[in-house]
Structures are given as structure tokens and as C-alpha cells.
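Here's the structure we're looking at; comments come further down.
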Amino acid sequence: MEPVTLKVLRYRPEEEVEPTYQEYEVPCQDNWMVLDALNHVKERLDGTLSYRWACRMGVCGSCGMTVNGTPVLTCATYVEDVLPGPVVVEPLRGFPVIRDLVGDITDFMEKLGRVKPWLIRDEKKSPDEGEYLQTPEEVADYKQYSMCINCMLCYAACPIYELEPDFIGPAAIALAQRYNLDSRDQGEEERMDVLSQHDGVWACTFIGECSVVCPKNVDPAGAIQRYKVSATVDWVRSVLMPGRKP
Amino acid sequence: MSPVAKGAGGRQGTEPERVTRSREPLLWSLFSAGGMASALVLPALAGVLWVAVPAGWVAAPEHGAMLAVAAHPLTRAAVSLLLILFFFHWAHRFRYTLYDGLQLYHLNLLIAVATYGIASALSALALWIVWTLG
Amino acid sequence: MKGASEWDRHAPSSAPNPRHTRYHPRWHRERIPIFWWVGHRRYTLFILRELTAVLVLYSGLLLLAQLVAIGRGPESYQAFQGWLAEPWVLALHTFVLLGLIFHTVTWLNLAPKALVLRVGKIRVPPRAVLVGHYLAWIAVSALVAGALVWVAG
């Protein structure tokens, strides 16, 4: 394989007011991922380059970056697939850049907590009463949404999140639906307080890019539209039958 | 309402939150119904009335026949429903296109009043025209 | 007082950022261009998709205008039909028709994402929901076009 030029966004806040691009010639080997090329830069060419990664196998969700303008997991993107160079590597859009390719994800972590992504029960069973049983159909209802690895590619792809930073965002809504649609969960009402606001589902205009970039086929865009439909059905019910539990 | 939701939930939301909660589903359902109605009906309607007939591919309907159809109660009901849905579909979609597409967040209220206001006025006009026709 | 770079022996001393204060990092925030949907194919298609709403509004107004012309009597109806047949109007309406078809295709393609149907406990496959919507489009089109052609005699 020919050496590949990586054009990497650098931001060193002690030295620079604005980010700059730095180019590296990387002797890529066959079947290298973009992350392998970055690791080569870090180990052999320039130890000052900062970026996040951990598992190298598309599970941890920490190596998301913008490669040639598209948010991807760099550990799951072949260098061959983004040629010809220079391969432009930038941090994920929508997140403030702390250094080089590292974004600040505090906002996402806070939003994730707000949708209460855990099983909520009115009354908990004691362990000797046994498990909460589910049929395969009931598992199938939410399984797709449970595949989310919190990589935040969907946030980076979503113009609304960038434009309206208060938007709760694709992954948080998909994870709220992962629990709403779980037959063991009874927390839909609590999550509704967050989801049914403008900054919940209604800010979304179904651009659909979140589902395009999702490496796990979670389809957050579908989750959001489904929630709009069920919120509307609840609203119609509450108009027709006031005083009833939504 | 479940006891848990009462205790932990922000069910005691502030007033604007409750307003949003009741308004968004209404506007969105009008938008969706209008989107579906226009998607299913408009290509055929536009194709025949405004392309095929003027181009001469289909014989132009006589005035008497058109008037009879337009004045039929079922047509009046269907056309007024369709028009109202079309106008509110436009209002909602166009509102968000201005809002996000041009980043006019500071004009949110103005845009909302203008788009839904125009849709309401046009709906009233449509009802008047359709039901006083003939 | 020492500059930030002197405190940090790893940081090169050239061109230090005067706004940088240690332990109070200056995050970089990318500015969003006003026309963020230009130069990105799928965002542009999204804005075009949303703008089809203008064609829906136009179609509604045109239908109203035609109804007014019909209500005012044969002369005014003939004048309206004459206007429809003018080449530039026909060209405009051909463009409108193409835009409306774009609206229909994008709308129907997204419908299965929002609409989850069930038969008993089993979810209807999204593809079946999609096919159902297209069949509905064909049926409604046949009905509308058939009725209009039938009126034309």
C-alpha cells in the first residue's frame, strides 16, 4: 500500500487560538483501520496528538471522529475505504473541542441521565419471587435500541443538536425508548416529562442522518418518530377522555 | 398516575411546559395528516388538473360538470378537509425550515404566529369559498 | 508572572495563546455556517424535502383559485383553463408536479419509521408497511385521476 497522508485537526489551547491542520505521511499496511493509522502517528511520528480510543472492535464507542466529513468509529473504518488521501480527521461535530480530536461529552452524559435509562418499577419484586419474565416478542420490541454504545456519532451527524444545543438528542431518546418499550419497565410517565418538551422529541425534524451514521443500526430517528406518534395518540386520548391516565 | 411518577417526576411542570405538551401533538398531527393526505392525493390531482388537461392529453371537463362535482356535499367536505390539512402541513414544515434552515431562533414566536396564522386565515377562506360555491 | 508555556515544559513556547489560562481550558467551538445545508448532499436533500411544503401550499391555493373560477361561471372558468394552458404556466406546473412526487416518495419512504403496526403480538415488517403505503398511493391516484377523467366525460 502507498503511504497515506493524514490531515489531522490539531488544537492546542495553550498555544493556539484557532485549530490548525497537521499532515502526517503514514505507511499504512493492508487492512489498517483509520485508528491504526492514528496510533502509528502517536507511536512513531508525533506523541503530542490526542484522541480517545479503547477497544478497537466497535464496542466501546470512544473512537468516534469525523473522517472526510462523516462521523465514524475510526476503529471500524478501513483506510482503503476513505482513500484517496489526504484523509481528513477531525473531532466529532457538535462537541466543544478540548484538545486535538478530543471533544467534551459532559452535555451528552448529563442528557443521558435525564431520560432515566434504567428499569423503573412501581413495586419491585423480591428476589425469591423470581425474575421478570419476557417473551421473545417482548424482547424484540426494544432489542434494537439496546444496541446503542453511546458513541455519539448520531449527535455529531445531527444538525439540530448543533443548532439547538438543548435538544436532548438522538441516542438519549433511543435509549429512553429502549426502556419505554421494555415490558418490565413502568417509567414511561417519568421520561415523558423530558421527552414531550420541545427540546425532547419535537425539536427533531427527521433529517434522519443519525440513523445513517449509527454503527449499530439502532435507528434513533425511527425511535424519535415512534415517540412522536405515541405522544400524539396519548394526547388524543387525553382530549377524548380527560382525567384518564395517559 | 402511578405513585412513583408523582414522587420523582417533574409532573408539576411549569406553565409553559404544559402548554408545549398540549400544543406540539396537535400541530404535529395536523402536519402529519396533511403530509399523508398531500402525498397520496396531490400528484394525481396536479397531474390531471394542471398538467394533463391543459396539455390536452385529457379532454377538458365542461363547466357544468365541474360545477356539479364541486358543489356536491361530499366534494365540499373532502376538499375543505384536504385544504385545511395542506395549509397546516405547510405551516408546520415551513416554520421549522425557517427556524432551523436559517437559524432564526430569535424570531421563533413571530414565525410561529405568522405561519399558523396564515394557515388559519387560509383555512377560513377555503371553508368560505368551498361552502358558498355555486 | 510566568507565561503559561513556561509552566508547562512540554508545551512549545512559540506563539502561545494569550487567552489560555491553566486549568481553565479554552474549548474550541466550531461555528455553524448559516447555510449549513449547502455542500452536504443529504442535508441539501433534507431542505429540498422540507421545501416541498411550499408546493403543497401552492397546490392548495391553486385548487382554491380554480374553485373560485368554477363558481364565477363558464367565462371565468374558460379564462382560468386558458391560463393553465399557457406554456410557461404548464412548464411551472410540470415542475410543481415533479416536486409533489418528490414529496410523496420521501414521505412514504419515511412512514414505516414512524408507524409501527402489529398483528397480534408480531410486528408487521417495515417493508410491508412501506409496500402498503405505495399500494395506497396507487389506489388513491387511480381513484382521483379516474374520477377527474370521468367528470371530463
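Ordering of the C-alpha cells sets the chain letters (A, B, ...); residue numbers start at 1 within each chain; ligands are numbered from 1 in the order shown.
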
### Task
Determine, counting only C-alpha atoms, which protein, DNA and RNA residues have an atom within 12 Å of an atom of Leu64 in chain C; residues of the same chain fewer than 3 positions away are not included. Present the result as a PyMOL selection string.
(chain B and resi 70+76+79-80+82-84+86-87+122-131+133) or (chain C and resi 57-61+67-71+80)

Using the selection just defined, write its residues with N, CA and C atoms as a compact mmCIF listing (two decimals), in the first residue's frame.
# COMPACT_ATOMS: atom_id res chain seq x y z
N ALA B 70 -68.08 20.05 -7.96
CA ALA B 70 -67.56 20.92 -6.90
C ALA B 70 -68.63 21.24 -5.87
N ARG B 76 -67.45 18.96 -1.28
CA ARG B 76 -67.19 20.12 -0.41
C ARG B 76 -66.50 19.68 0.87
N VAL B 79 -62.88 18.37 0.04
CA VAL B 79 -61.96 19.43 -0.39
C VAL B 79 -61.63 20.37 0.76
N SER B 80 -62.63 20.71 1.58
CA SER B 80 -62.30 21.62 2.68
C SER B 80 -61.38 20.96 3.69
N LEU B 82 -59.19 18.54 3.02
CA LEU B 82 -57.86 18.46 2.39
C LEU B 82 -57.14 19.80 2.44
N LEU B 83 -57.87 20.88 2.11
CA LEU B 83 -57.22 22.19 2.05
C LEU B 83 -56.70 22.61 3.43
N ILE B 84 -57.51 22.39 4.46
CA ILE B 84 -57.08 22.75 5.81
C ILE B 84 -55.82 21.97 6.19
N PHE B 86 -53.62 20.64 4.12
CA PHE B 86 -52.49 21.12 3.30
C PHE B 86 -51.89 22.38 3.93
N PHE B 87 -52.77 23.31 4.34
CA PHE B 87 -52.27 24.59 4.85
C PHE B 87 -51.50 24.40 6.16
N LEU B 122 -56.12 31.10 5.80
CA LEU B 122 -56.40 30.43 4.53
C LEU B 122 -57.45 29.33 4.73
N SER B 123 -57.44 28.67 5.88
CA SER B 123 -58.44 27.63 6.14
C SER B 123 -59.83 28.24 6.20
N ALA B 124 -59.94 29.39 6.87
CA ALA B 124 -61.23 30.07 6.95
C ALA B 124 -61.70 30.47 5.55
N LEU B 125 -60.76 31.03 4.78
CA LEU B 125 -61.08 31.43 3.40
C LEU B 125 -61.53 30.22 2.59
N ALA B 126 -60.81 29.11 2.75
CA ALA B 126 -61.14 27.90 1.99
C ALA B 126 -62.54 27.41 2.35
N LEU B 127 -62.85 27.40 3.63
CA LEU B 127 -64.19 26.95 4.06
C LEU B 127 -65.26 27.84 3.42
N TRP B 128 -65.01 29.14 3.46
CA TRP B 128 -65.99 30.08 2.91
C TRP B 128 -66.18 29.86 1.41
N ILE B 129 -65.05 29.75 0.69
CA ILE B 129 -65.14 29.57 -0.77
C ILE B 129 -65.82 28.24 -1.11
N VAL B 130 -65.39 27.17 -0.45
CA VAL B 130 -65.88 25.84 -0.81
C VAL B 130 -67.39 25.72 -0.50
N TRP B 131 -67.84 26.30 0.62
CA TRP B 131 -69.24 26.07 1.00
C TRP B 131 -70.20 27.12 0.43
N LEU B 133 -69.83 28.07 -2.76
CA LEU B 133 -69.68 27.90 -4.21
C LEU B 133 -70.99 27.45 -4.86
N LEU C 57 -48.65 24.10 -0.33
CA LEU C 57 -49.39 25.35 -0.14
C LEU C 57 -49.86 25.89 -1.49
N TYR C 58 -48.94 25.92 -2.47
CA TYR C 58 -49.29 26.44 -3.80
C TYR C 58 -50.43 25.62 -4.41
N SER C 59 -50.36 24.30 -4.27
CA SER C 59 -51.41 23.44 -4.84
C SER C 59 -52.76 23.75 -4.19
N GLY C 60 -52.74 23.95 -2.87
CA GLY C 60 -53.97 24.29 -2.17
C GLY C 60 -54.55 25.60 -2.69
N LEU C 61 -53.68 26.61 -2.86
CA LEU C 61 -54.14 27.91 -3.35
C LEU C 61 -54.65 27.82 -4.78
N LEU C 67 -61.51 26.65 -8.00
CA LEU C 67 -62.89 26.56 -7.49
C LEU C 67 -63.60 27.91 -7.61
N VAL C 68 -62.86 28.99 -7.32
CA VAL C 68 -63.44 30.33 -7.46
C VAL C 68 -63.86 30.56 -8.91
N ALA C 69 -62.95 30.18 -9.82
CA ALA C 69 -63.24 30.36 -11.26
C ALA C 69 -64.46 29.55 -11.67
N ILE C 70 -64.56 28.33 -11.16
CA ILE C 70 -65.72 27.48 -11.49
C ILE C 70 -66.99 28.14 -10.94
N GLY C 71 -66.91 28.67 -9.71
CA GLY C 71 -68.07 29.28 -9.08
C GLY C 71 -68.54 30.53 -9.79
N PHE C 80 -59.68 30.69 -16.87
CA PHE C 80 -58.73 30.01 -15.97
C PHE C 80 -58.07 28.84 -16.69

### Task
Write out as a PyMOL selection string every residue belonging to chain C that has an atom at most 8 Å from any atom of chain B, counting only C-alpha atoms.
chain C and resi 34-37+47+50-51+53-54+56-57+59-60+64+67-68+70-74+77-78+81-82+84-85+90+93-94+97+100-101+103-105+107-108+136-137+140-142+144-145+148-149+151-153

### Task
Find the distance between CA of His28 in chain C and CA of Gln22 in chain A and write it in Å to one decimal.
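Taking CA of His28 in chain C and CA of Gln22 in chain A, their separation equals 16.7 Å.
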
### Message
If DSSP is run on the backbone, what residues of range 19-157 of chain A are alpha helix (DSSP H)? A reply as a ChimeraX atom specification would be ideal.
### Response
/A:34-40,106-114,136-146,153-157

### Task
Output the contact residues of chain A with respect to chain C at a cut-off of 10 Å, based on only C-alpha atoms, as a PyMOL selection string.
chain A and resi 11-19+48+69+93-100+103-104+137-138+140-141+158-159+162-163+205-209+219-230

### Message
Please return, as an MDAnalysis selection string, all residues of chain C that DSSP assigns to strand (DSSP E) on the basis of the backbone.
### Response
chainID C and resid 118:119 122:123

### Task
Calculate how many Å separate CA of Trp88 in chain C from CA of Gly146 in chain C, rounding to one decimal.
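Taking CA of Trp88 in chain C and CA of Gly146 in chain C, their separation equals 26.6 Å.
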
### Task
Using only C-alpha atoms, find which residues of chain A lie within 8 Å of chain B and jot them down as an NGL selection string.
:A and (122 or 160 or 163 or 187 or 189-190 or 193 or 196-198 or 202 or 205 or 228 or 231-232 or 235 or 245)

### Task
Give me, please, the distance in Å between CA of Ala77 in chain B and CA of Phe102 in chain C, quoted to one decimal.
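A separation of 27.2 Å between them.
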
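Nearest residue to Val41 in chain A, choosing from A:Thr135, A:Thr74, A:Thr5, A:Asn68 and counting only C-alpha atoms: A:Thr5.
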